[in-house]
file target11.cif (mmCIF, C-alpha atoms)
data_target
loop_
_atom_site.group_PDB
_atom_site.id
_atom_site.type_symbol
_atom_site.label_atom_id
_atom_site.label_comp_id
_atom_site.auth_asym_id
_atom_site.auth_seq_id
_atom_site.Cartn_x
_atom_site.Cartn_y
_atom_site.Cartn_z
ATOM 1 C CA MET A 1 42.815 68.508 186.670
ATOM 2 C CA PRO A 2 40.771 68.899 183.466
ATOM 3 C CA VAL A 3 39.840 65.599 181.826
ATOM 4 C CA ASP A 4 38.130 66.674 178.581
ATOM 5 C CA LEU A 5 40.641 65.752 175.870
ATOM 6 C CA MET A 6 38.940 67.892 173.202
ATOM 7 C CA PRO A 7 37.818 71.116 174.921
ATOM 8 C CA PRO A 8 36.268 74.141 173.168
ATOM 9 C CA LEU A 9 38.605 76.438 171.267
ATOM 10 C CA PRO A 10 40.643 78.565 173.692
ATOM 11 C CA GLU A 11 39.827 82.119 174.699
ATOM 12 C CA HIS A 12 43.530 83.009 175.009
ATOM 13 C CA LEU A 13 46.331 82.795 172.460
ATOM 14 C CA GLN A 14 49.921 83.806 173.026
ATOM 15 C CA LEU A 15 51.572 84.692 169.742
ATOM 16 C CA GLU A 16 55.273 85.127 169.120
ATOM 17 C CA ILE A 17 54.831 88.082 166.792
ATOM 18 C CA THR A 18 58.582 88.196 166.232
ATOM 19 C CA SER A 19 61.472 85.878 166.994
ATOM 20 C CA ALA A 20 63.989 88.706 166.553
ATOM 21 C CA CYS A 21 65.480 90.401 169.597
ATOM 22 C CA ASN A 22 67.921 93.241 170.171
ATOM 23 C CA LEU A 23 69.269 91.758 173.434
ATOM 24 C CA ARG A 24 71.079 88.566 174.466
ATOM 25 C CA CYS A 25 69.681 87.808 177.921
ATOM 26 C CA THR A 26 71.437 85.171 179.988
ATOM 27 C CA MET A 27 68.272 83.192 180.865
ATOM 28 C CA CYS A 28 66.743 83.256 177.374
ATOM 29 C CA LEU A 29 67.151 80.742 174.567
ATOM 30 C CA VAL A 30 67.807 83.640 172.164
ATOM 31 C CA SER A 31 71.295 83.971 173.682
ATOM 32 C CA TYR A 32 72.130 80.407 172.730
ATOM 33 C CA ARG A 33 70.926 80.567 169.121
ATOM 34 C CA PRO A 34 72.035 82.493 165.996
ATOM 35 C CA PRO A 35 70.551 86.022 165.662
ATOM 36 C CA VAL A 36 67.300 86.423 163.721
ATOM 37 C CA ASN A 37 66.722 89.226 161.217
ATOM 38 C CA LYS A 38 63.948 91.640 162.199
ATOM 39 C CA LEU A 39 61.969 91.179 158.989
ATOM 40 C CA ALA A 40 62.579 87.454 158.636
ATOM 41 C CA GLY A 41 61.566 86.889 162.266
ATOM 42 C CA ALA A 42 58.211 88.663 162.066
ATOM 43 C CA MET A 43 54.969 86.697 162.173
ATOM 44 C CA PRO A 44 53.169 87.511 158.901
ATOM 45 C CA ILE A 45 50.161 89.745 159.428
ATOM 46 C CA GLU A 46 48.131 87.322 157.293
ATOM 47 C CA LEU A 47 48.797 84.516 159.785
ATOM 48 C CA PHE A 48 47.776 86.757 162.680
ATOM 49 C CA GLU A 49 44.519 87.763 160.973
ATOM 50 C CA ARG A 50 43.780 84.156 160.087
ATOM 51 C CA LEU A 51 44.115 83.133 163.738
ATOM 52 C CA VAL A 52 41.761 85.879 164.899
ATOM 53 C CA THR A 53 39.223 84.620 162.354
ATOM 54 C CA ASP A 54 39.729 80.919 163.082
ATOM 55 C CA VAL A 55 39.326 81.333 166.855
ATOM 56 C CA PRO A 56 36.133 83.403 167.071
ATOM 57 C CA GLY A 57 35.824 83.144 170.853
ATOM 58 C CA LEU A 58 39.122 84.877 171.561
ATOM 59 C CA ARG A 59 39.026 87.086 174.641
ATOM 60 C CA ARG A 60 42.753 87.622 175.258
ATOM 61 C CA LEU A 61 45.853 88.000 173.060
ATOM 62 C CA THR A 62 49.391 88.062 174.417
ATOM 63 C CA LEU A 63 51.715 89.346 171.696
ATOM 64 C CA GLN A 64 55.081 88.046 172.822
ATOM 65 C CA GLY A 65 57.475 85.138 172.568
ATOM 66 C CA LEU A 66 61.240 84.817 172.490
ATOM 67 C CA GLY A 67 61.643 88.040 170.503
ATOM 68 C CA GLU A 68 61.112 91.716 171.345
ATOM 69 C CA PRO A 69 57.572 92.739 170.272
ATOM 70 C CA LEU A 70 58.552 96.354 169.552
ATOM 71 C CA LEU A 71 60.679 95.021 166.678
ATOM 72 C CA SER A 72 57.612 93.692 164.871
ATOM 73 C CA PRO A 73 56.544 95.971 162.005
ATOM 74 C CA HIS A 74 52.992 94.672 162.460
ATOM 75 C CA LEU A 75 52.553 95.399 166.180
ATOM 76 C CA PRO A 76 50.376 98.533 165.766
ATOM 77 C CA ALA A 77 48.080 96.755 163.296
ATOM 78 C CA MET A 78 47.809 93.718 165.576
ATOM 79 C CA ILE A 79 46.852 95.849 168.561
ATOM 80 C CA ARG A 80 44.329 97.728 166.435
ATOM 81 C CA THR A 81 42.747 94.464 165.261
ATOM 82 C CA ALA A 82 42.486 93.180 168.834
ATOM 83 C CA VAL A 83 40.903 96.412 170.076
ATOM 84 C CA GLU A 84 38.415 96.406 167.182
ATOM 85 C CA HIS A 85 37.411 92.842 168.097
ATOM 86 C CA ARG A 86 37.181 93.739 171.802
ATOM 87 C CA ILE A 87 39.975 91.321 172.634
ATOM 88 C CA THR A 88 42.083 92.166 175.684
ATOM 89 C CA VAL A 89 45.647 92.618 174.427
ATOM 90 C CA GLY A 90 49.114 93.243 175.791
ATOM 91 C CA PHE A 91 52.737 92.159 175.697
ATOM 92 C CA ASN A 92 56.072 92.066 177.502
ATOM 93 C CA THR A 93 58.924 94.308 176.368
ATOM 94 C CA ASN A 94 62.533 94.885 177.354
ATOM 95 C CA ALA A 95 61.681 98.622 176.995
ATOM 96 C CA THR A 96 64.949 99.529 175.290
ATOM 97 C CA LEU A 97 62.947 100.841 172.315
ATOM 98 C CA LEU A 98 60.131 102.359 174.382
ATOM 99 C CA HIS A 99 61.006 105.994 173.712
ATOM 100 C CA ALA A 100 58.617 108.852 174.456
ATOM 101 C CA ARG A 101 56.796 108.828 171.100
ATOM 102 C CA ARG A 102 56.331 105.071 171.214
ATOM 103 C CA ALA A 103 55.017 105.300 174.765
ATOM 104 C CA ARG A 104 52.408 107.891 173.732
ATOM 105 C CA GLU A 105 51.385 105.750 170.753
ATOM 106 C CA LEU A 106 50.914 102.690 172.956
ATOM 107 C CA VAL A 107 48.825 104.603 175.492
ATOM 108 C CA ASP A 108 46.665 105.921 172.643
ATOM 109 C CA SER A 109 46.405 102.482 170.999
ATOM 110 C CA GLY A 110 44.157 101.016 173.687
ATOM 111 C CA VAL A 111 46.598 98.229 174.589
ATOM 112 C CA ASP A 112 45.405 96.822 177.904
ATOM 113 C CA TRP A 113 48.646 95.903 179.608
ATOM 114 C CA LEU A 114 52.367 96.331 179.170
ATOM 115 C CA HIS A 115 54.945 94.291 181.065
ATOM 116 C CA VAL A 116 58.516 95.582 181.281
ATOM 117 C CA SER A 117 61.443 93.293 182.075
ATOM 118 C CA LEU A 118 63.763 94.754 184.718
ATOM 119 C CA ASP A 119 65.999 92.239 186.466
ATOM 120 C CA GLY A 120 68.041 94.429 188.782
ATOM 121 C CA ALA A 121 68.170 97.691 190.694
ATOM 122 C CA ARG A 122 71.713 98.570 189.639
ATOM 123 C CA ALA A 123 73.194 99.061 186.210
ATOM 124 C CA HIS A 124 75.978 96.492 186.571
ATOM 125 C CA THR A 125 73.671 93.672 187.620
ATOM 126 C CA TYR A 126 70.957 94.436 185.091
ATOM 127 C CA GLU A 127 73.302 94.953 182.149
ATOM 128 C CA LYS A 128 75.146 91.706 182.908
ATOM 129 C CA ILE A 129 71.832 89.829 182.656
ATOM 130 C CA ARG A 130 70.278 91.791 179.778
ATOM 131 C CA ALA A 131 73.291 92.049 177.486
ATOM 132 C CA GLY A 132 72.891 94.935 175.057
ATOM 133 C CA ALA A 133 70.603 97.029 177.287
ATOM 134 C CA THR A 134 71.371 100.181 179.263
ATOM 135 C CA PHE A 135 69.831 100.364 182.727
ATOM 136 C CA ASP A 136 69.375 104.137 182.824
ATOM 137 C CA THR A 137 67.661 104.131 179.428
ATOM 138 C CA VAL A 138 65.216 101.403 180.423
ATOM 139 C CA VAL A 139 64.343 103.093 183.727
ATOM 140 C CA ALA A 140 63.865 106.421 181.918
ATOM 141 C CA ASN A 141 61.652 104.738 179.304
ATOM 142 C CA LEU A 142 59.594 103.074 182.027
ATOM 143 C CA GLY A 143 59.144 106.427 183.743
ATOM 144 C CA GLY A 144 58.190 107.964 180.409
ATOM 145 C CA LEU A 145 55.496 105.355 179.904
ATOM 146 C CA ILE A 146 53.999 106.167 183.316
ATOM 147 C CA ALA A 147 54.155 109.882 182.466
ATOM 148 C CA ALA A 148 52.448 109.313 179.090
ATOM 149 C CA LYS A 149 49.695 107.336 180.743
ATOM 150 C CA ARG A 150 49.117 110.067 183.332
ATOM 151 C CA ALA A 151 49.204 112.839 180.711
ATOM 152 C CA ALA A 152 46.496 111.053 178.752
ATOM 153 C CA GLY A 153 44.408 110.480 181.877
ATOM 154 C CA SER A 154 44.289 106.807 180.920
ATOM 155 C CA ARG A 155 43.858 103.785 183.149
ATOM 156 C CA THR A 156 45.595 101.657 180.548
ATOM 157 C CA PRO A 157 47.984 100.127 179.906
ATOM 158 C CA TRP A 158 48.363 98.392 183.253
ATOM 159 C CA VAL A 159 52.109 98.576 183.851
ATOM 160 C CA ARG A 160 53.753 95.573 185.437
ATOM 161 C CA VAL A 161 57.479 95.057 185.850
ATOM 162 C CA VAL A 162 58.681 91.470 185.553
ATOM 163 C CA PHE A 163 61.759 90.419 187.524
ATOM 164 C CA VAL A 164 63.301 86.993 186.862
ATOM 165 C CA ALA A 165 64.757 85.995 190.221
ATOM 166 C CA MET A 166 68.200 84.401 190.099
ATOM 167 C CA ARG A 167 71.167 84.000 192.406
ATOM 168 C CA ASP A 168 72.936 86.907 190.674
ATOM 169 C CA ASN A 169 70.189 89.489 191.193
ATOM 170 C CA VAL A 170 67.787 88.514 193.978
ATOM 171 C CA ALA A 171 69.573 90.588 196.649
ATOM 172 C CA GLU A 172 68.589 93.747 194.737
ATOM 173 C CA LEU A 173 64.874 92.986 194.809
ATOM 174 C CA PRO A 174 64.003 95.253 197.798
ATOM 175 C CA ASP A 175 65.784 98.201 196.182
ATOM 176 C CA LEU A 176 63.902 97.549 192.955
ATOM 177 C CA VAL A 177 60.604 97.603 194.868
ATOM 178 C CA ARG A 178 61.478 101.044 196.227
ATOM 179 C CA LEU A 179 62.552 102.305 192.789
ATOM 180 C CA LEU A 180 59.328 101.137 191.151
ATOM 181 C CA GLY A 181 57.236 102.596 193.962
ATOM 182 C CA ASP A 182 58.827 105.980 193.299
ATOM 183 C CA LEU A 183 58.144 105.671 189.554
ATOM 184 C CA GLY A 184 54.472 104.833 190.056
ATOM 185 C CA VAL A 185 54.519 101.347 188.515
ATOM 186 C CA ASP A 186 51.324 99.369 189.146
ATOM 187 C CA GLU A 187 52.805 95.979 189.978
ATOM 188 C CA LEU A 188 56.001 93.965 190.322
ATOM 189 C CA HIS A 189 55.810 90.315 189.293
ATOM 190 C CA VAL A 190 58.722 88.203 190.514
ATOM 191 C CA GLN A 191 59.113 84.839 188.835
ATOM 192 C CA ASN A 192 61.519 81.928 188.846
ATOM 193 C CA LEU A 193 63.395 80.630 185.842
ATOM 194 C CA SER A 194 60.885 78.921 183.605
ATOM 195 C CA HIS A 195 62.519 75.574 182.977
ATOM 196 C CA SER A 196 65.284 73.199 184.054
ATOM 197 C CA PHE A 197 65.573 71.712 180.528
ATOM 198 C CA SER A 198 65.888 68.339 182.236
ATOM 199 C CA ASP A 199 64.246 66.693 179.210
ATOM 200 C CA THR A 200 67.148 67.657 176.952
ATOM 201 C CA ASP A 201 70.460 65.933 176.242
ATOM 202 C CA PRO A 202 72.999 67.217 178.824
ATOM 203 C CA ALA A 203 75.604 67.421 176.037
ATOM 204 C CA GLY A 204 73.217 68.508 173.280
ATOM 205 C CA ALA A 205 71.942 71.784 171.822
ATOM 206 C CA TYR A 206 70.481 72.902 175.165
ATOM 207 C CA GLU A 207 73.625 72.187 177.192
ATOM 208 C CA GLU A 208 74.483 75.833 177.921
ATOM 209 C CA ILE A 209 71.040 77.029 178.990
ATOM 210 C CA ARG A 210 70.527 73.832 181.006
ATOM 211 C CA GLY A 211 73.770 74.544 182.847
ATOM 212 C CA PHE A 212 72.764 78.163 183.398
ATOM 213 C CA ALA A 213 69.452 77.110 184.960
ATOM 214 C CA ALA A 214 71.201 74.658 187.290
ATOM 215 C CA ASP A 215 73.613 77.383 188.419
ATOM 216 C CA GLN A 216 71.141 80.262 188.850
ATOM 217 C CA ALA A 217 67.753 78.792 189.800
ATOM 218 C CA LEU A 218 66.020 79.656 193.089
ATOM 219 C CA TRP A 219 63.156 77.218 192.547
ATOM 220 C CA THR A 220 62.740 75.933 196.100
ATOM 221 C CA MET A 221 64.464 78.759 197.959
ATOM 222 C CA SER A 222 62.970 81.703 199.819
ATOM 223 C CA PRO A 223 65.830 84.220 200.018
ATOM 224 C CA PRO A 224 65.799 86.901 202.755
ATOM 225 C CA ALA A 225 65.296 89.446 199.973
ATOM 226 C CA PHE A 226 61.738 88.134 199.467
ATOM 227 C CA ALA A 227 60.673 89.079 202.989
ATOM 228 C CA GLU A 228 62.386 92.477 202.736
ATOM 229 C CA ALA A 229 60.677 93.082 199.406
ATOM 230 C CA ARG A 230 57.272 92.369 200.961
ATOM 231 C CA THR A 231 57.955 94.974 203.643
ATOM 232 C CA ALA A 232 59.119 97.537 201.094
ATOM 233 C CA ALA A 233 56.080 96.901 198.875
ATOM 234 C CA ALA A 234 53.704 97.404 201.791
ATOM 235 C CA ALA A 235 55.396 100.726 202.529
ATOM 236 C CA THR A 236 55.244 101.973 198.944
ATOM 237 C CA GLY A 237 51.837 100.586 197.959
ATOM 238 C CA LEU A 238 53.347 98.614 195.075
ATOM 239 C CA ARG A 239 51.495 95.411 194.264
ATOM 240 C CA LEU A 240 53.976 92.551 194.611
ATOM 241 C CA ARG A 241 53.771 88.959 193.471
ATOM 242 C CA LEU A 242 56.471 86.521 194.613
ATOM 243 C CA PRO A 243 56.970 82.983 193.307
ATOM 244 C CA HIS A 244 56.042 79.879 195.245
ATOM 245 C CA THR A 245 59.045 78.308 196.921
ATOM 246 C CA GLU A 246 57.658 74.923 197.892
ATOM 247 C CA GLU A 247 57.028 72.294 195.260
ATOM 248 C CA PRO A 248 53.752 70.441 195.930
ATOM 249 C CA ALA A 249 53.318 66.688 195.939
ATOM 250 C CA GLY A 250 52.927 64.928 192.599
ATOM 251 C CA ASP A 251 49.142 64.890 192.502
ATOM 252 C CA ARG A 252 49.061 68.654 193.027
ATOM 253 C CA ARG A 253 51.309 69.361 190.076
ATOM 254 C CA GLY A 254 49.778 70.083 186.740
ATOM 255 C CA CYS A 255 48.905 72.647 184.113
ATOM 256 C CA SER A 256 45.723 73.848 182.420
ATOM 257 C CA TRP A 257 47.389 75.538 179.421
ATOM 258 C CA PRO A 258 46.483 72.843 176.839
ATOM 259 C CA TRP A 259 42.823 73.248 177.811
ATOM 260 C CA ASP A 260 42.734 77.048 178.142
ATOM 261 C CA ALA A 261 45.270 78.556 175.743
ATOM 262 C CA ALA A 262 47.940 77.918 173.128
ATOM 263 C CA TYR A 263 51.315 79.308 172.143
ATOM 264 C CA ILE A 264 52.147 79.868 168.473
ATOM 265 C CA THR A 265 55.601 80.706 167.163
ATOM 266 C CA SER A 266 56.321 83.328 164.538
ATOM 267 C CA THR A 267 56.569 80.586 161.900
ATOM 268 C CA GLY A 268 53.220 79.053 162.822
ATOM 269 C CA VAL A 269 54.294 76.133 165.019
ATOM 270 C CA VAL A 270 51.615 75.396 167.637
ATOM 271 C CA GLN A 271 53.004 74.535 171.064
ATOM 272 C CA PRO A 272 51.199 73.685 174.311
ATOM 273 C CA CYS A 273 52.418 76.759 176.224
ATOM 274 C CA CYS A 274 54.887 79.634 176.400
ATOM 275 C CA MET A 275 57.213 77.857 178.826
ATOM 276 C CA VAL A 276 58.713 75.388 176.362
ATOM 277 C CA MET A 277 61.303 77.570 174.587
ATOM 278 C CA GLY A 278 62.369 75.821 171.393
ATOM 279 C CA ASP A 279 59.955 74.497 168.790
ATOM 280 C CA ASP A 280 62.131 71.402 168.336
ATOM 281 C CA ARG A 281 61.163 70.212 171.822
ATOM 282 C CA VAL A 282 57.436 69.813 171.188
ATOM 283 C CA ALA A 283 55.181 70.739 168.270
ATOM 284 C CA LEU A 284 51.491 69.858 168.226
ATOM 285 C CA GLY A 285 50.921 71.047 164.680
ATOM 286 C CA ARG A 286 51.930 73.537 161.993
ATOM 287 C CA LEU A 287 49.648 76.199 160.595
ATOM 288 C CA ASP A 288 51.036 75.839 157.091
ATOM 289 C CA GLU A 289 49.614 72.302 157.116
ATOM 290 C CA GLN A 290 46.392 72.573 159.151
ATOM 291 C CA SER A 291 44.070 75.186 160.584
ATOM 292 C CA PHE A 292 44.299 75.982 164.270
ATOM 293 C CA PRO A 293 40.939 74.323 165.075
ATOM 294 C CA GLU A 294 42.131 71.145 163.342
ATOM 295 C CA ILE A 295 45.331 71.135 165.378
ATOM 296 C CA TRP A 296 43.510 71.943 168.645
ATOM 297 C CA ARG A 297 41.192 68.985 168.141
ATOM 298 C CA GLY A 298 43.838 66.706 166.658
ATOM 299 C CA ALA A 299 45.413 63.511 167.936
ATOM 300 C CA ALA A 300 48.680 65.111 169.087
ATOM 301 C CA TYR A 301 46.878 67.640 171.310
ATOM 302 C CA ARG A 302 44.537 64.999 172.706
ATOM 303 C CA GLU A 303 47.445 62.722 173.616
ATOM 304 C CA PHE A 304 49.361 65.599 175.197
ATOM 305 C CA ARG A 305 46.343 66.470 177.357
ATOM 306 C CA ARG A 306 45.821 62.834 178.299
ATOM 307 C CA ARG A 307 49.401 62.465 179.507
ATOM 308 C CA LEU A 308 49.111 65.631 181.590
ATOM 309 C CA THR A 309 46.313 63.979 183.581
ATOM 310 C CA THR A 310 48.616 61.109 184.579
ATOM 311 C CA ASP A 311 51.629 60.832 186.853
ATOM 312 C CA ARG A 312 53.803 60.416 183.735
ATOM 313 C CA PRO A 313 53.492 63.813 181.996
ATOM 314 C CA PRO A 314 55.233 64.683 178.731
ATOM 315 C CA ALA A 315 58.984 64.944 179.305
ATOM 316 C CA VAL A 316 58.984 68.627 178.359
ATOM 317 C CA CYS A 317 56.606 69.346 181.273
ATOM 318 C CA ALA A 318 58.556 67.581 184.015
ATOM 319 C CA GLY A 319 61.136 70.360 184.363
ATOM 320 C CA CYS A 320 58.695 73.240 183.891
ATOM 321 C CA SER A 321 58.316 75.662 186.794
ATOM 322 C CA LEU A 322 54.648 76.226 185.994
ATOM 323 C CA TYR A 323 53.878 72.504 185.988
ATOM 324 C CA ARG A 324 55.826 72.156 189.245
ATOM 325 C CA ARG A 325 53.881 75.147 190.685
ATOM 326 C CA ILE A 326 57.034 77.094 191.581
ATOM 327 C CA PHE A 327 56.923 79.742 188.853
#

call {"tool": "encode", "arguments": {"input": "target11.cif", "output": "structure tokens"}}
result
Amino acid sequence: MPVDLMPPLPEHLQLEITSACNLRCTMCLVSYRPPVNKLAGAMPIELFERLVTDVPGLRRLTLQGLGEPLLSPHLPAMIRTAVEHRITVGFNTNATLLHARRARELVDSGVDWLHVSLDGARAHTYEKIRAGATFDTVVANLGGLIAAKRAAGSRTPWVRVVFVAMRDNVAELPDLVRLLGDLGVDELHVQNLSHSFSDTDPAGAYEEIRGFAADQALWTMSPPAFAEARTAAAATGLRLRLPHTEEPAGDRRGCSWPWDAAYITSTGVVQPCCMVMGDDRVALGRLDEQSFPEIWRGAAYREFRRRLTTDRPPAVCAGCSLYRRIF
């Protein structure tokens, strides 16, 4: 576990370039909050440019948060800035807006990776989870992205599909492996739900998503579908990553995010990582009050890091799948 409470500025920032989304996904906080307008939810381009300037050692930018990045009017300019600064850049998308022209533009942009959320192999299952999306459209858009990449003779973007494993969809995982193998996707990343929300009031603002996590989580389970998916991946050549299903002992838990990276919301709230969901749960500083370097080196960050090195971590970390090493 890192012990330096004031490390060098991070090489990786994850930026919520928009908090607006066109879907209402069952496992996402967006579904349990009022909708956000596309323009009002966008991170100002001035804030983005300021961060790139204030963190001169940046090597990686992840342009995603609770919203859908393709809704940001500034996404092309942000990618262009990253490429010009030789910063590795990419983002996760629900792919509902990833039509053929957009796919060609992204391939041409130099974006390094693109992750597509696809949480089922059948329309009914997927559309129940990703409310507002159409399965056939997303699969067609994913195939179009692969086709655009091949037509351009480009090695980038690296295309990874992200599958959030839950009780409602995990049985379809082997069929999804076979579907993605046929499409020519590079990798399938299977992950658990990100948080139990155990630090929140059971009857408070997070009641619904806390209940959903308790009902759907597979945190310490290894369903038969995992083994079948491994076999299918080996047959298709698809790279497959499955989550850990055994929680380690207390001294093997932990997280390096507050030493290596930071998460910043569209309104400029600095949080320790992307797993928190909800800027009312922990905020280490606000960029309308301080610069990022001042926040990174400030008392709140130092205390957060200190507590992570103990057996009494911050409450927001205790229910985190990444901290528990089962993500």

call {"tool": "resolve_selection", "arguments": {"input": "target11.cif", "expression": "the PyMOL selection byres ((chain A and resi 128) around 10)", "output": "PyMOL selection string"}}
result
chain A and resi 24-26+119-120+123-127+129-134+168-169

call {"tool": "write_last_selection", "arguments": {"input": "target11.cif", "atoms": "C-alpha atoms", "output": "mmCIF file, keeping the file's coordinate frame"}}
result
data_model
loop_
_atom_site.group_PDB
_atom_site.id
_atom_site.type_symbol
_atom_site.label_atom_id
_atom_site.label_comp_id
_atom_site.auth_asym_id
_atom_site.auth_seq_id
_atom_site.Cartn_x
_atom_site.Cartn_y
_atom_site.Cartn_z
ATOM 1 C CA ARG A 24 71.079 88.566 174.466
ATOM 2 C CA CYS A 25 69.681 87.808 177.921
ATOM 3 C CA THR A 26 71.437 85.171 179.988
ATOM 4 C CA ASP A 119 65.999 92.239 186.466
ATOM 5 C CA GLY A 120 68.041 94.429 188.782
ATOM 6 C CA ALA A 123 73.194 99.061 186.210
ATOM 7 C CA HIS A 124 75.978 96.492 186.571
ATOM 8 C CA THR A 125 73.671 93.672 187.620
ATOM 9 C CA TYR A 126 70.957 94.436 185.091
ATOM 10 C CA GLU A 127 73.302 94.953 182.149
ATOM 11 C CA ILE A 129 71.832 89.829 182.656
ATOM 12 C CA ARG A 130 70.278 91.791 179.778
ATOM 13 C CA ALA A 131 73.291 92.049 177.486
ATOM 14 C CA GLY A 132 72.891 94.935 175.057
ATOM 15 C CA ALA A 133 70.603 97.029 177.287
ATOM 16 C CA THR A 134 71.371 100.181 179.263
ATOM 17 C CA ASP A 168 72.936 86.907 190.674
ATOM 18 C CA ASN A 169 70.189 89.489 191.193
#

call {"tool": "atom_distance", "arguments": {"input": "target11.cif", "atom1": "CA of Ser256 (chain A)", "atom2": "CA of Leu284 (chain A)"}}
result
15.8 Å

call {"tool": "resolve_selection", "arguments": {"input": "target11.cif", "expression": "the PyMOL selection byres ((chain A and resi 262) around 10)", "output": "JSON, numbers by chain"}}
result
{"A": [9, 10, 11, 12, 13, 14, 15, 257, 258, 259, 260, 261, 263, 264, 270, 271, 272, 273, 274, 292, 296]}

call {"tool": "residues_around", "arguments": {"input": "target11.cif", "residues": "Ser109 (chain A)", "least_positions_apart": "2", "cutoff": "12 Å", "atoms": "all atoms listed in the file", "output": "short mmCIF file (atom, residue, chain, number, x, y, z; two decimals) with C-alpha atoms, in the coordinates of the input"}}
result
data_model
loop_
_atom_site.label_atom_id
_atom_site.label_comp_id
_atom_site.auth_asym_id
_atom_site.auth_seq_id
_atom_site.Cartn_x
_atom_site.Cartn_y
_atom_site.Cartn_z
CA LEU A 75 52.55 95.40 166.18
CA PRO A 76 50.38 98.53 165.77
CA ALA A 77 48.08 96.76 163.30
CA MET A 78 47.81 93.72 165.58
CA ILE A 79 46.85 95.85 168.56
CA ARG A 80 44.33 97.73 166.44
CA THR A 81 42.75 94.46 165.26
CA ALA A 82 42.49 93.18 168.83
CA VAL A 83 40.90 96.41 170.08
CA GLU A 84 38.42 96.41 167.18
CA VAL A 89 45.65 92.62 174.43
CA GLY A 90 49.11 93.24 175.79
CA ARG A 102 56.33 105.07 171.21
CA ALA A 103 55.02 105.30 174.76
CA ARG A 104 52.41 107.89 173.73
CA GLU A 105 51.38 105.75 170.75
CA LEU A 106 50.91 102.69 172.96
CA VAL A 107 48.82 104.60 175.49
CA VAL A 111 46.60 98.23 174.59
CA ASP A 112 45.40 96.82 177.90
CA TRP A 113 48.65 95.90 179.61
CA LEU A 114 52.37 96.33 179.17
CA LYS A 149 49.70 107.34 180.74
CA ALA A 152 46.50 111.05 178.75
CA SER A 154 44.29 106.81 180.92
CA THR A 156 45.60 101.66 180.55
CA PRO A 157 47.98 100.13 179.91
#

call {"tool": "resolve_selection", "arguments": {"input": "target11.cif", "expression": "the PyMOL selection byres ((chain A and resi 194) around 9)", "output": "list in words"}}
result
Met27, Gln191, Asn192, Leu193, His195, Ser196, Ala213, Met275, Val276, Gly319, Cys320, Ser321, Leu322 and Phe327 of chain A

call {"tool": "residues_around", "arguments": {"input": "target11.cif", "residues": "Glu289 (chain A)", "least_positions_apart": "3", "cutoff": "12 Å", "atoms": "only C-alpha atoms", "output": "mmCIF file with C-alpha atoms, keeping the file's coordinate frame"}}
result
data_model
loop_
_atom_site.group_PDB
_atom_site.id
_atom_site.type_symbol
_atom_site.label_atom_id
_atom_site.label_comp_id
_atom_site.auth_asym_id
_atom_site.auth_seq_id
_atom_site.Cartn_x
_atom_site.Cartn_y
_atom_site.Cartn_z
ATOM 1 C CA THR A 267 56.569 80.586 161.900
ATOM 2 C CA GLY A 268 53.220 79.053 162.822
ATOM 3 C CA VAL A 269 54.294 76.133 165.019
ATOM 4 C CA VAL A 270 51.615 75.396 167.637
ATOM 5 C CA LEU A 284 51.491 69.858 168.226
ATOM 6 C CA GLY A 285 50.921 71.047 164.680
ATOM 7 C CA ARG A 286 51.930 73.537 161.993
ATOM 8 C CA PHE A 292 44.299 75.982 164.270
ATOM 9 C CA PRO A 293 40.939 74.323 165.075
ATOM 10 C CA GLU A 294 42.131 71.145 163.342
ATOM 11 C CA ILE A 295 45.331 71.135 165.378
#

call {"tool": "atom_distance", "arguments": {"input": "target11.cif", "atom1": "CA of Val177 (chain A)", "atom2": "CA of Thr236 (chain A)"}}
result
8.0 Å

call {"tool": "closest_residue", "arguments": {"input": "target11.cif", "among": "A:Gly237, A:Pro174, A:Gly278, A:Pro8", "to": "Gly65 (chain A)", "atoms": "all atoms listed in the file"}}
result
A:Gly278

call {"tool": "closest_residue", "arguments": {"input": "target11.cif", "among": "A:Asp311, A:Asp182, A:Glu303, A:Glu68", "to": "Asp4 (chain A)", "atoms": "all atoms listed in the file"}}
result
A:Glu303

call {"tool": "atom_distance", "arguments": {"input": "target11.cif", "atom1": "CA of Arg210 (chain A)", "atom2": "CA of Gln64 (chain A)"}}
result
22.5 Å

call {"tool": "residues_around", "arguments": {"input": "target11.cif", "residues": "Val316 (chain A)", "least_positions_apart": "6", "cutoff": "8 Å", "atoms": "only C-alpha atoms", "output": "number ranges by chain"}}
result
A: 197-199, 276, 281-282
